[in-house]
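Since the structure comes first, as structure tokens, the remarks are kept for the end.
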Amino acid sequence: MPLLEDIPALEICGACNQLFTDFDTTTGRLIWNEIWKSRSYKYRRIRSELEHSASAGCTFCSKVAFHDGHYRRGDANDNQITKAVRFPEPRPHWYPSPEEEIILEVEFDADRGALGFWPRRGVQLVDGPASNQILSLHWRLYATVDDPVTAAIPQRAVLSDFSSPSSFDQIRRQMDKCLTSHERCHIHKSTELPTRLIELSPLGKPEAARLRYSQAEISSYCALSYCWGDFQPFATTIKRYNSYLQCLPCSNMPKTIRDAFRVARHMGMRYIWIDSLCIVQDDYNDVQREIAKMRSIYMGSQFTISVASASNCNQGFLGMQCGPADGLFRLRVRVDQDTLGWTLIQEYSRDWPTIAGHFQPINERAWTLQESLLTTRLFIFTKTTMVWRCIEGYSSDPEVGIDWEEWASSCGYSSPILKQIRDPDIYDYPPQHGVHFDSARAPIWRTWHAAVQSYSARKLTNVTDKLLAISAIANLFAPYLGGNYLAGLWKQYLVYDLMWMVNPGPQTRIVLPEYPSWSWTAVQASIDFSVVGRIHFASAEILYCHTTLSNDGAPFGSITSHKLIIKAYLKEVFLSNCVSTISDVGGKPLSNLWLERDGSHSYGGSSPSNDSSTRAWCLALGGTRHDDQNITVWDAMVIMRSLDYPGCYRRVGYVRGRFPDADPLFRWEECDKVTIAIV
């Protein structure tokens, strides 16, 4: 956590600064006292002055101008939302007069720590392109301990030095409580160590570290979860291996790794596991072998350090400084004629810990998902907060009365998978042939789907890692889902696992041809599953499905070949090459359908009536029956002939439609079932 002087000052104009530091020229009273004690103060500005201050970057003036509906046209389609209002010359005719007086009422609600700007004349606050009216603009104010402004601002900012012994003592108490008294966390015992670990010198001794080959010893260790970012110049390689067994060049290591060494030592740990150092990065067999052990490594760690706010390994996490992008600033406030203090101001938070309650860089990366979900205990570092997470929940020291679950969700974290699937009262009723499938009775399978959906939205530097980076999670689920794993899908649920689609909306959709087109791993895009808590049926029949592993020692890892043979209803259609529409063989567009393409595809034949369409087929997988509405929602994958594998097809998209509302596409009884191979 940064010190007060490390937090950037709020950029405001001279007039706005007077609200917090000067005396009213009419009454002679301190303006801030009027705002605080009377809870309101009439703030008068000439519009041209406010526009000038907004253009110069004043936080308050630019926010007022941005939300002032007088700068927007009446037609909502013309209201293009940008980060700032522009004041061009000549002045747009719908802009209000620059000479008019604007009156805002500034108030401070001490109970909530909320500073509000309320329009009283000349301003109409709106939000969004539809210009929905809003009542006021708000910021939160916080006072640091022992600052003079604490008399007026009761909300406290806890500026802890994360690297101080007292900070480590606080979180050490959380860990000791979990280790000794949390029954659901399974009282921690020493475990078999991973193949290699970093051995650290004890606290009080000169800082030193070395790579150690464990020889299956029994002991305790912690692990590190972080964003690599750029290339790791000091990662373990075949050439460095022997020298690292003697001593690591600690002073040259990336700052995140040095900080992790420091945390581990203060937490009383002798060993720490770090992937870039404990796996020989240029030894293919070692990489494959150790990645296959990720499940046991993270589940066996006493705790895992999660470096939430650093986007690369050189940033570190002890003493990270807040920047303008974090939205936290300091603001000078005059308490009386002789005393000035500092308040911290932030626009969106509800309380101090939630200042860091936004999506964290670590949770944008695909590899870090399994590291977070598999570990029983997670020690989370954001720029402003240290939080302990275990199966019992989230906590901080000192305790703060906020909804940590909501905070964690906004940061991109979720509960450990062990909490979700190790309940003896939770088990699945898998689908049976010829019987409708109630997915609400398969909670573990749906938990897997939730993990996949979260994973698919994350970034991968190397797309060849698509299966590897979730392999530890798959390894954990295997005993619960039948064990037969097929490139991200489970044989026991295969027809229903095929019912996935790329999420609609703006996102990059990259097709990965090295993966099975029928698997969600074939697209680098956020995906969703159609099977959600309802009664479903399968119309397709899986005759054969096989994948060949690239390494027999990694049963949930990369594959080298794949094929699916399926018997299903098939209907010929044509896809528009320009928009997401689908038509029948005569060129008639089909309506009441939801079509999502997996990505860009250039193969296939053209429509006989329209050269801008491509020949394809819809393959019926099954659907959902809604008896209360007398409708059936059908799910079908869209396929085309493969140019690379003669006689086979590739999936290129997904379509859903309601029968009888949808066009005749979903009258499958008019079709024959055919057997085809999909690669």
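Letters A, B, ... mark the chains of the structure tokens in the order given; residue numbers begin at 1 per chain; ligand numbers begin at 1, in order shown.
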
Item to check | Polymer residues at most 8 Å from range 489-499 of chain A, only C-alpha atoms, same-chain spacing of 3 or more positions, as an NGL selection string | outcome: :A and (430-431 or 481-486 or 518-519 or 529-531 or 538 or 540-542 or 621 or 635-637)

Next on the checklist: Quick one: residues within 10 Å of range 228-232 of chain A, only C-alpha atoms, excluding same-chain residues fewer than 3 positions away - as a ChimeraX atom specification?
Outcome noted: /A:225,235-236,253-254,256,275-277,281,310-315,362,365,461

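In this model, the gap between CA of Gly553 in chain A and CA of Ile510 in chain A comes to 28.9 Å.
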
Next on the checklist: Based on the backbone DSSP call, show me all residues of range 35-222 of chain A assigned strand (DSSP E or B), as a ChimeraX atom specification.
Outcome noted: /A:41-46,68,101-109,114-121,125-127,132-133,137-144,156-157,191-192,196-200,209-213,218-219,222

Item to check | All residues 12 Å or closer to Asp24 in chain A, only C-alpha atoms, same chain fewer than 5 positions away omitted, as a PyMOL selection string | outcome: chain A and resi 15+18-19+29-35+41-44

Checklist entry - Separation of CA of Arg210 in chain A and CA of Val263 in chain A, in Å? => result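 It comes out at 16.3 Å.
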
Next on the checklist: If we count only C-alpha atoms and set the cut-off at 9 Å, which residues sit around range 142-147 of chain A, ignoring sequence neighbours fewer than 2 positions away in its own chain? Please answer as a count of residues only.
Outcome noted: 22

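The smallest atom-to-atom distance between Asp22 in chain A and any of A:Arg332, A:His358, A:Arg641, A:Lys567, using only C-alpha atoms, is found for A:Arg332.
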
Checklist entry - Between CA of Ser53 in chain A and CA of Pro148 in chain A, what is the spacing in Å? => result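 So the answer is 29.1 Å.
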